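Visitor: Below is input_31.txt; it holds compact mmCIF, C-alpha atoms.
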# COMPACT_ATOMS: atom_id res chain seq x y z
CA MET G 1062 23.28 -0.44 9.62
CA SER G 1063 19.85 -1.50 10.90
CA ASP G 1064 17.68 -3.84 8.87
CA LEU G 1065 15.09 -1.09 8.37
CA LEU G 1066 17.63 1.34 6.95
CA ARG G 1067 19.41 -1.32 4.91
CA SER G 1068 16.19 -2.46 3.28
CA PHE G 1069 15.18 1.17 2.66
CA VAL G 1070 18.45 1.94 0.87
CA ARG G 1071 18.21 -1.22 -1.24
CA ALA G 1072 14.61 -0.45 -2.16
CA LEU G 1073 15.59 3.07 -3.17
CA ALA G 1074 18.34 1.67 -5.37
CA ASN G 1075 15.97 -0.81 -7.04
CA VAL G 1076 12.90 1.35 -7.57
CA PHE G 1077 14.37 3.09 -10.63
CA HIS G 1078 15.17 -0.20 -12.33
CA PRO G 1079 13.38 -0.28 -15.71
CA ARG G 1080 11.49 -3.40 -14.71
CA MET G 1081 10.22 -1.73 -11.54
CA LEU G 1082 9.11 1.35 -13.44
CA TRP G 1083 7.29 -0.95 -15.84
CA LEU G 1084 5.50 -2.59 -12.90
CA THR G 1085 3.95 0.76 -12.00
CA LEU G 1086 2.14 0.94 -15.34
CA MET G 1087 -0.24 -2.00 -14.97
CA PRO G 1088 -1.80 -0.86 -11.65
CA PHE G 1089 -1.78 2.71 -12.93
CA GLY G 1090 -3.62 1.73 -16.10
CA VAL G 1091 -6.24 -0.41 -14.37
CA ALA G 1092 -6.90 2.10 -11.57
CA THR G 1093 -7.05 5.02 -14.01
CA VAL G 1094 -9.54 3.30 -16.29
CA VAL G 1095 -11.76 2.05 -13.46
CA TRP G 1096 -11.86 5.20 -11.38
CA GLY G 1097 -11.82 7.45 -14.42
CA ALA G 1098 -14.98 5.73 -15.62
CA VAL G 1099 -16.59 5.97 -12.18
CA LEU G 1100 -15.89 9.69 -11.87
CA TRP G 1101 -16.81 10.37 -15.50
CA PHE G 1102 -20.22 8.72 -15.33
CA PHE G 1103 -21.12 9.52 -11.72
CA TRP G 1104 -19.43 12.88 -11.12
CA GLN G 1105 -22.66 14.88 -11.27
CA THR G 1106 -24.44 12.36 -9.07
CA LEU G 1107 -21.65 12.36 -6.50
CA THR G 1108 -21.28 16.14 -6.38
CA GLY G 1109 -25.07 16.49 -6.19
CA ALA G 1110 -25.18 14.13 -3.24
CA ALA G 1111 -22.34 16.05 -1.61
CA ASN G 1112 -24.20 19.34 -2.11
CA SER G 1113 -27.35 17.86 -0.59
CA TRP G 1114 -25.39 16.66 2.41
CA LEU G 1115 -23.72 20.05 2.81
CA ASP G 1116 -27.06 21.86 2.57
CA ALA G 1117 -28.44 19.68 5.34
CA TRP G 1118 -25.45 20.37 7.58
CA SER G 1119 -25.97 23.26 9.97
CA LEU G 1120 -22.36 24.46 9.77
CA THR G 1121 -22.43 24.86 5.99
CA SER G 1122 -24.28 28.19 6.00
CA TRP G 1123 -21.86 29.56 8.59
CA MET G 1124 -18.91 28.38 6.47
CA TYR G 1125 -20.35 30.01 3.35
CA ARG G 1126 -20.89 33.29 5.19
CA LEU G 1127 -17.28 33.16 6.32
CA PHE G 1128 -16.14 32.69 2.71
CA ASP G 1129 -18.27 35.66 1.65
CA ALA G 1130 -16.87 37.82 4.43
CA VAL G 1131 -13.26 37.23 3.40
CA GLY G 1132 -13.98 37.66 -0.31
CA PHE G 1133 -13.91 34.01 -1.37
CA ALA G 1134 -17.52 33.55 -2.42
CA SER G 1135 -16.35 31.52 -5.43
CA LEU G 1136 -15.30 28.75 -3.06
CA HIS G 1137 -18.94 27.70 -2.70
CA ALA G 1138 -18.71 25.89 -6.02
CA VAL G 1139 -15.67 23.80 -5.15
CA ILE G 1140 -16.59 22.55 -1.69
CA ALA G 1141 -18.73 19.67 -2.98
CA PRO G 1142 -16.14 18.50 -5.57
CA PHE G 1143 -13.46 18.76 -2.91
CA LEU G 1144 -15.54 16.58 -0.59
CA VAL G 1145 -16.01 13.99 -3.35
CA VAL G 1146 -12.26 13.88 -3.94
CA ILE G 1147 -11.52 13.52 -0.23
CA MET G 1148 -13.89 10.56 -0.01
CA THR G 1149 -12.64 8.97 -3.23
CA VAL G 1150 -8.89 9.17 -2.62
CA PRO G 1151 -8.74 6.43 0.07
CA LEU G 1152 -10.65 4.05 -2.21
CA ILE G 1153 -8.32 4.77 -5.11
CA VAL G 1154 -5.24 4.27 -2.95
CA VAL G 1155 -6.60 0.95 -1.65
CA THR G 1156 -7.31 -0.11 -5.24
CA VAL G 1157 -3.74 0.68 -6.28
CA LEU G 1158 -2.40 -1.13 -3.21
CA LEU G 1159 -4.33 -4.30 -4.01
CA LEU G 1160 -3.24 -4.14 -7.64
CA ILE G 1161 0.40 -3.70 -6.62
CA ALA G 1162 0.15 -6.62 -4.21
CA THR G 1163 -1.44 -8.99 -6.71
CA LEU G 1164 0.12 -7.85 -10.01
CA SER G 1165 3.44 -6.17 -9.21
CA MET G 1166 4.76 -7.93 -6.11
CA PRO G 1167 5.53 -11.19 -7.99
CA GLY G 1168 7.74 -9.16 -10.35
CA VAL G 1169 9.45 -7.51 -7.40
CA ILE G 1170 10.21 -10.89 -5.84
CA LYS G 1171 11.54 -12.25 -9.14
CA LEU G 1172 13.91 -9.30 -9.47
CA LEU G 1173 15.29 -9.76 -5.96
CA THR G 1174 15.64 -13.55 -6.13
CA ARG G 1175 16.67 -14.15 -9.72
CA ARG G 1176 19.84 -16.12 -10.20
CA PRO G 1177 22.70 -15.46 -10.07
CA LYS G 1178 22.53 -11.70 -9.40
CA GLY G 1179 19.56 -11.39 -7.06
CA HIS G 1180 20.10 -10.33 -3.46
CA TYR G 1181 18.31 -13.44 -2.24
CA SER G 1182 18.93 -15.90 -5.05
CA SER G 1183 19.97 -18.65 -2.64
CA LEU G 1184 16.63 -18.76 -0.82
CA GLU G 1185 14.71 -21.98 -1.19
CA GLU G 1186 11.11 -21.68 -2.35
CA ARG G 1187 8.81 -23.28 0.21
CA ARG G 1188 5.60 -21.71 -1.13
CA GLY G 1189 3.63 -21.10 2.04
CA GLY G 1190 1.20 -18.87 0.17
CA SER G 1191 -0.61 -18.71 -3.16
CA TRP G 1192 -2.09 -16.13 -5.50
CA TYR G 1193 -5.60 -16.97 -4.35
CA GLY G 1194 -4.46 -16.90 -0.76
CA SER G 1195 -2.96 -13.48 -1.37
CA LEU G 1196 -6.17 -12.22 -2.94
CA GLY G 1197 -8.32 -13.53 -0.11
CA HIS G 1198 -5.95 -12.21 2.54
CA SER G 1199 -5.85 -8.78 0.88
CA VAL G 1200 -9.63 -8.53 0.55
CA VAL G 1201 -10.30 -9.58 4.14
CA THR G 1202 -7.63 -7.22 5.47
CA THR G 1203 -8.99 -4.35 3.38
CA VAL G 1204 -12.55 -4.93 4.62
CA VAL G 1205 -11.33 -4.91 8.22
CA CYS G 1206 -9.42 -1.69 7.58
CA LEU G 1207 -12.43 0.00 5.97
CA VAL G 1208 -14.62 -1.01 8.92
CA LEU G 1209 -12.07 0.48 11.31
CA LEU G 1210 -11.97 3.58 9.13
CA VAL G 1211 -15.73 4.06 9.38
CA VAL G 1212 -15.81 3.32 13.11
CA THR G 1213 -13.05 5.82 13.87
CA LEU G 1214 -14.35 8.63 11.63
CA PRO G 1215 -15.83 10.64 14.56
CA LEU G 1216 -12.38 10.70 16.18
CA TRP G 1217 -10.91 12.36 13.09
CA LEU G 1218 -12.48 15.63 14.24
CA ILE G 1219 -10.62 15.53 17.55
CA PRO G 1220 -6.96 16.57 17.77
CA PRO G 1221 -4.57 14.77 17.69
CA PHE G 1222 -6.49 11.74 16.41
CA PHE G 1223 -6.97 13.20 12.92
CA ALA G 1224 -3.19 13.09 12.51
CA LEU G 1225 -2.66 9.69 14.15
CA ILE G 1226 -5.44 7.41 12.96
CA PRO G 1227 -4.98 7.56 9.14
CA PRO G 1228 -1.23 6.70 9.19
CA LEU G 1229 -1.83 3.90 11.69
CA LEU G 1230 -4.67 2.39 9.66
CA TRP G 1231 -2.78 2.73 6.39
CA GLY G 1232 0.39 1.36 7.97
CA TRP G 1233 -1.44 -1.66 9.34
CA LEU G 1234 -3.18 -2.35 6.03
CA THR G 1235 0.00 -1.98 3.99
CA TYR G 1236 2.12 -4.17 6.22
CA ARG G 1237 -0.50 -6.91 6.41
CA VAL G 1238 -1.00 -7.02 2.64
CA MET G 1239 2.61 -6.57 1.57
CA THR G 1240 4.11 -9.00 4.07
CA TYR G 1241 2.01 -11.91 2.89
CA ASP G 1242 2.94 -11.32 -0.74
CA ALA G 1243 6.61 -10.73 -0.01
CA LEU G 1244 6.90 -14.13 1.69
CA ALA G 1245 4.32 -16.16 -0.22
CA VAL G 1246 6.78 -17.87 -2.56
CA HIS G 1247 9.88 -18.42 -0.45
CA ALA G 1248 8.62 -18.84 3.12
CA SER G 1249 6.52 -21.61 4.54
CA ALA G 1250 3.34 -20.65 6.36
CA GLU G 1251 5.08 -21.23 9.70
CA GLU G 1252 8.05 -19.08 8.70
CA ARG G 1253 5.78 -16.28 7.52
CA ARG G 1254 3.87 -16.27 10.78
CA ALA G 1255 7.11 -16.27 12.77
CA ILE G 1256 8.51 -13.30 10.84
CA VAL G 1257 5.28 -11.31 11.17
CA ARG G 1258 5.18 -12.07 14.89
CA ASP G 1259 8.82 -11.19 15.58
CA ALA G 1260 9.04 -8.14 13.29
CA ARG G 1261 5.54 -6.73 13.76
CA TRP G 1262 6.66 -3.25 14.83
CA PRO G 1263 9.34 -2.69 12.16
CA LEU G 1264 6.88 -3.87 9.51
CA LEU G 1265 4.23 -1.52 10.86
CA ALA G 1266 6.79 1.29 10.78
CA ILE G 1267 7.46 0.60 7.09
CA GLY G 1268 3.73 0.69 6.46
CA ILE G 1269 3.29 4.00 8.29
CA VAL G 1270 6.18 5.62 6.42
CA SER G 1271 4.69 4.35 3.16
CA GLY G 1272 1.37 5.91 4.15
CA LEU G 1273 3.02 9.23 4.88
CA LEU G 1274 4.76 9.14 1.51
CA SER G 1275 1.41 8.46 -0.14
CA SER G 1276 0.01 11.63 1.41
CA VAL G 1277 2.24 13.73 -0.86
CA PRO G 1278 0.33 12.97 -4.10
CA THR G 1279 -2.91 13.31 -2.14
CA MET G 1280 -2.04 16.96 -1.51
CA LEU G 1281 -1.45 17.42 -5.23
CA TRP G 1282 -4.83 15.89 -5.96
CA ALA G 1283 -6.60 18.10 -3.43
CA TRP G 1284 -4.93 21.17 -4.96
CA SER G 1285 -6.17 20.19 -8.42
CA VAL G 1286 -9.79 20.54 -7.32
CA TRP G 1287 -9.32 24.30 -7.36
CA LEU G 1288 -8.42 24.03 -11.05
CA LEU G 1289 -11.19 21.78 -12.32
CA PRO G 1290 -10.11 21.88 -16.01
CA LEU G 1291 -6.78 20.31 -15.02
CA PHE G 1292 -8.31 17.83 -12.60
CA PRO G 1293 -8.31 14.77 -14.94
CA VAL G 1294 -4.64 15.27 -15.86
CA VAL G 1295 -3.54 15.84 -12.29
CA ALA G 1296 -5.63 12.88 -11.16
CA ALA G 1297 -3.89 10.57 -13.65
CA VAL G 1298 -0.45 11.81 -12.60
CA THR G 1299 -1.42 11.33 -8.96
CA ILE G 1300 -2.55 7.73 -9.50
CA TRP G 1301 0.81 6.96 -11.15
CA ALA G 1302 2.56 8.60 -8.19
CA TYR G 1303 0.61 6.30 -5.87
CA ALA G 1304 1.69 3.31 -7.95
CA PHE G 1305 5.34 4.41 -7.89
CA ILE G 1306 5.34 4.93 -4.12
CA LEU G 1307 3.64 1.58 -3.52
CA VAL G 1308 6.12 -0.25 -5.77
CA PHE G 1309 8.85 1.33 -3.66
CA SER G 1310 6.99 0.13 -0.56
CA ALA G 1311 6.76 -3.37 -2.05
CA LEU G 1312 10.53 -3.34 -2.58
CA TRP G 1313 11.08 -2.14 0.97
CA PHE G 1314 8.87 -4.86 2.43
CA ALA G 1315 10.40 -7.50 0.16
CA HIS G 1316 13.97 -6.61 1.13
CA TYR G 1317 13.13 -6.57 4.82
CA CYS G 1318 11.09 -9.77 4.79
CA LEU G 1319 13.46 -11.80 2.64
CA HIS G 1320 16.43 -10.72 4.74
CA ALA G 1321 14.49 -11.71 7.85
CA LEU G 1322 13.79 -15.07 6.23
CA GLU G 1323 17.50 -15.56 5.57
CA ARG G 1324 18.30 -14.83 9.20
CA LEU G 1325 15.53 -17.13 10.41
CA ARG G 1326 16.85 -20.03 8.37
CA ALA G 1327 20.43 -19.30 9.38
CA SER G 1328 19.39 -19.61 13.03
CA GLU G 1329 17.82 -23.02 12.50
CA PRO G 1330 19.88 -25.89 13.91
CA HIS G 1331 21.63 -27.94 11.28
CA TYR G 1332 22.44 -31.50 12.12
CA PRO G 1333 25.12 -33.34 10.21
CA ALA G 1334 23.91 -36.21 8.15
CA ILE G 1335 24.62 -39.61 9.63
CA THR G 1336 25.92 -42.16 7.20
CA VAL G 1337 25.92 -45.81 7.92
CA GLU G 1338 28.72 -47.75 6.37
CA SER G 1339 27.77 -51.21 5.28
CA ARG G 1340 30.24 -54.03 5.08
CA ASP G 1341 29.99 -57.30 3.34
CA VAL G 1342 30.66 -60.13 5.70
CA SER G 1343 31.67 -63.29 3.95
CA LEU G 1344 31.43 -66.53 5.80
What does the file become when written as structure tokens?

Guide:
Amino acid sequence: MSDLLRSFVRALANVFHPRMLWLTLMPFGVATVVWGAVLWFFWQTLTGAANSWLDAWSLTSWMYRLFDAVGFASLHAVIAPFLVVIMTVPLIVVTVLLLIATLSMPGVIKLLTRRPKGHYSSLEERRGGSWYGSLGHSVVTTVVCLVLLVVTLPLWLIPPFFALIPPLLWGWLTYRVMTYDALAVHASAEERRAIVRDARWPLLAIGIVSGLLSSVPTMLWAWSVWLLPLFPVVAAVTIWAYAFILVFSALWFAHYCLHALERLRASEPHYPAITVESRDVSL
């Protein structure tokens, strides 16, 4: 069984552990309160700005005429809210990701390395990272990803880039953030860099799959825009779904990275200790 598949199966077995389900609640609560407040207080402002932007766009009138022609004139009212949701979802997902990395990943690592039952309980802690290092690394990586997102936005209108760029960006962001936190306690800085260098593509693959899984609740959220009265409830459920998927991703990254760390240390040369026997020489 390949390391990718083995770590996937182990993560799937662990994600329903009560402690892991509990770890989804803290990011869910924080993200729900923060973004719920933002959307509650600024919803009219955001939808008004979206309407103004749509009115200034030359294709909007053509799109509205098309809706009228096919008997969907009522869709005029939901285009602006839908646009706000589409622009907000990536920010919410990034928020949940950062919360999972900083708040939930330590709990994931404790579960997998606790003694005597943890999968990796024999690993020595070399502490090549820190909580502040994790926070700084996550923020810098997120800023870089958002810059790349903005720069590549024009390409999203060109097939097949609209289907390729988001998973690649999300995969890169997830693997960069999760890998640091998965190895922060047990790997030295040199070991972490070696694992990231040698397993870059498998780690990116885990990130991309995690991004594709996260697109499932996004579809649910987009659907809820058509039923505005249910939008707050569906939005809350969707944020929890993001948290659950990202905790699973954290488990997947942790299993893969800690197993890679075990293999790296097993490949290190071990030299037998040399003992010097001392003798008393009496004259």

Visitor: List as a Markdown table every residue of region 1148-1195 of chain G that is in contact with region 1203-1227 of chain G, defined as an atom at most 12 Å from one of its atoms (using all atoms listed in the file), together with the nearest atom pair and the distance in Å rounded to one decimal, sorted by chain and then rising number.

Guide:
| residue | atom | partner | partner_atom | distance |
| --- | --- | --- | --- | --- |
| G:Met1148 | CA | G:Val1211 | CA | 11.6 |
| G:Pro1151 | CA | G:Leu1207 | CA | 9.5 |
| G:Leu1152 | CA | G:Leu1207 | CA | 9.3 |
| G:Val1154 | CA | G:Thr1203 | CA | 11.3 |
| G:Val1155 | CA | G:Thr1203 | CA | 7.7 |
| G:Thr1156 | CA | G:Thr1203 | CA | 9.8 |
| G:Leu1158 | CA | G:Thr1203 | CA | 9.9 |
| G:Leu1159 | CA | G:Thr1203 | CA | 8.7 |
| G:Ser1195 | CA | G:Thr1203 | CA | 11.9 |

Visitor: Next, dump the selected residues to file, keeping only C-alpha atoms, as a PDB file, in the frame of the given file.

Guide:
ATOM      1  CA  MET G1148     -13.890  10.560  -0.010  1.00  0.00           C
ATOM      2  CA  PRO G1151      -8.740   6.430   0.070  1.00  0.00           C
ATOM      3  CA  LEU G1152     -10.650   4.050  -2.210  1.00  0.00           C
ATOM      4  CA  VAL G1154      -5.240   4.270  -2.950  1.00  0.00           C
ATOM      5  CA  VAL G1155      -6.600   0.950  -1.650  1.00  0.00           C
ATOM      6  CA  THR G1156      -7.310  -0.110  -5.240  1.00  0.00           C
ATOM      7  CA  LEU G1158      -2.400  -1.130  -3.210  1.00  0.00           C
ATOM      8  CA  LEU G1159      -4.330  -4.300  -4.010  1.00  0.00           C
ATOM      9  CA  SER G1195      -2.960 -13.480  -1.370  1.00  0.00           C
TER      10      SER G1195
END

Visitor: Restricting the calculation to all atoms listed in the file, which member of G:Pro1293, G:Thr1299, G:His1180, G:Pro1228 is positioned closest to Ala1098 (chain G)?

Guide: G:Pro1293

Visitor: Between CA of Gly1190 (chain G) and CA of Leu1265 (chain G), what is the distance, to one decimal in Å?

Guide: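 According to the coordinates, CA of Gly1190 (chain G) and CA of Leu1265 (chain G) are separated by 20.6 Å.
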
Visitor: Of the candidates G:Phe1305, G:Phe1089, G:Tyr1193, G:Trp1101, which shows the shortest atom-to-atom distance to Leu1160 (chain G), using only C-alpha atoms?

Guide: G:Phe1089

Visitor: For the atom pair CA of Val1308 (chain G) and CA of His1078 (chain G), what is the interatomic distance in Å to one decimal place?

Guide: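 That distance, rounded to one decimal, is 11.2 Å.
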
Visitor: Please measure the separation of CA of Ala1248 (chain G) and CA of Glu1186 (chain G), giving the value in Å to one decimal.

Guide: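 Going from CA of Ala1248 (chain G) over to CA of Glu1186 (chain G) covers 6.6 Å.
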
Visitor: Which residues, protein or nucleic acid, reach to within 12 Å of (8.8, 0.0, 12.5) in the file's coordinates when using all atoms listed in the file, and can you give that as a PyMOL selection string?

Guide: chain G and resi 1063-1066+1069+1229+1232-1233+1236+1257+1259-1271+1313-1314+1317

Visitor: Can I get the selected residues back with C-alpha atoms, as a PDB file, keeping the file's coordinate frame?

Guide:
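Result went into selection-v3.pdb, see below:
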ATOM      1  CA  SER G1063      19.850  -1.500  10.900  1.00  0.00           C
ATOM      2  CA  ASP G1064      17.680  -3.840   8.870  1.00  0.00           C
ATOM      3  CA  LEU G1065      15.090  -1.090   8.370  1.00  0.00           C
ATOM      4  CA  LEU G1066      17.630   1.340   6.950  1.00  0.00           C
ATOM      5  CA  PHE G1069      15.180   1.170   2.660  1.00  0.00           C
ATOM      6  CA  LEU G1229      -1.830   3.900  11.690  1.00  0.00           C
ATOM      7  CA  GLY G1232       0.390   1.360   7.970  1.00  0.00           C
ATOM      8  CA  TRP G1233      -1.440  -1.660   9.340  1.00  0.00           C
ATOM      9  CA  TYR G1236       2.120  -4.170   6.220  1.00  0.00           C
ATOM     10  CA  VAL G1257       5.280 -11.310  11.170  1.00  0.00           C
ATOM     11  CA  ASP G1259       8.820 -11.190  15.580  1.00  0.00           C
ATOM     12  CA  ALA G1260       9.040  -8.140  13.290  1.00  0.00           C
ATOM     13  CA  ARG G1261       5.540  -6.730  13.760  1.00  0.00           C
ATOM     14  CA  TRP G1262       6.660  -3.250  14.830  1.00  0.00           C
ATOM     15  CA  PRO G1263       9.340  -2.690  12.160  1.00  0.00           C
ATOM     16  CA  LEU G1264       6.880  -3.870   9.510  1.00  0.00           C
ATOM     17  CA  LEU G1265       4.230  -1.520  10.860  1.00  0.00           C
ATOM     18  CA  ALA G1266       6.790   1.290  10.780  1.00  0.00           C
ATOM     19  CA  ILE G1267       7.460   0.600   7.090  1.00  0.00           C
ATOM     20  CA  GLY G1268       3.730   0.690   6.460  1.00  0.00           C
ATOM     21  CA  ILE G1269       3.290   4.000   8.290  1.00  0.00           C
ATOM     22  CA  VAL G1270       6.180   5.620   6.420  1.00  0.00           C
ATOM     23  CA  SER G1271       4.690   4.350   3.160  1.00  0.00           C
ATOM     24  CA  TRP G1313      11.080  -2.140   0.970  1.00  0.00           C
ATOM     25  CA  PHE G1314       8.870  -4.860   2.430  1.00  0.00           C
ATOM     26  CA  TYR G1317      13.130  -6.570   4.820  1.00  0.00           C
TER      27      TYR G1317
END

Visitor: Which residue, G:Ser1328, G:Thr1121, G:Asn1075, G:Thr1093, has the smallest gap to Tyr1303 (chain G) when you use all atoms listed in the file?

Guide: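 When distances to Tyr1303 (chain G) are compared using all atoms listed in the file, the smallest one comes from G:Thr1093.
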
Visitor: Go through G:Ser1191, G:Thr1108, G:Ser1249, G:Ser1119 one by one, measure the shortest atom-to-atom distance of each to Ile1147 (chain G) using only C-alpha atoms, and give the residue with the smallest value.

Guide: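 The shortest atom-to-atom distance to Ile1147 (chain G) comes from G:Thr1108.
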
Visitor: Select, from G:Phe1309, G:His1320, G:Ala1327, G:Val1294, the residue with the minimum atom-to-atom distance to Ser1165 (chain G), counting all atoms listed in the file.

Guide: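 Once distances to Ser1165 (chain G) are computed over all atoms listed in the file, the minimum belongs to G:Phe1309.
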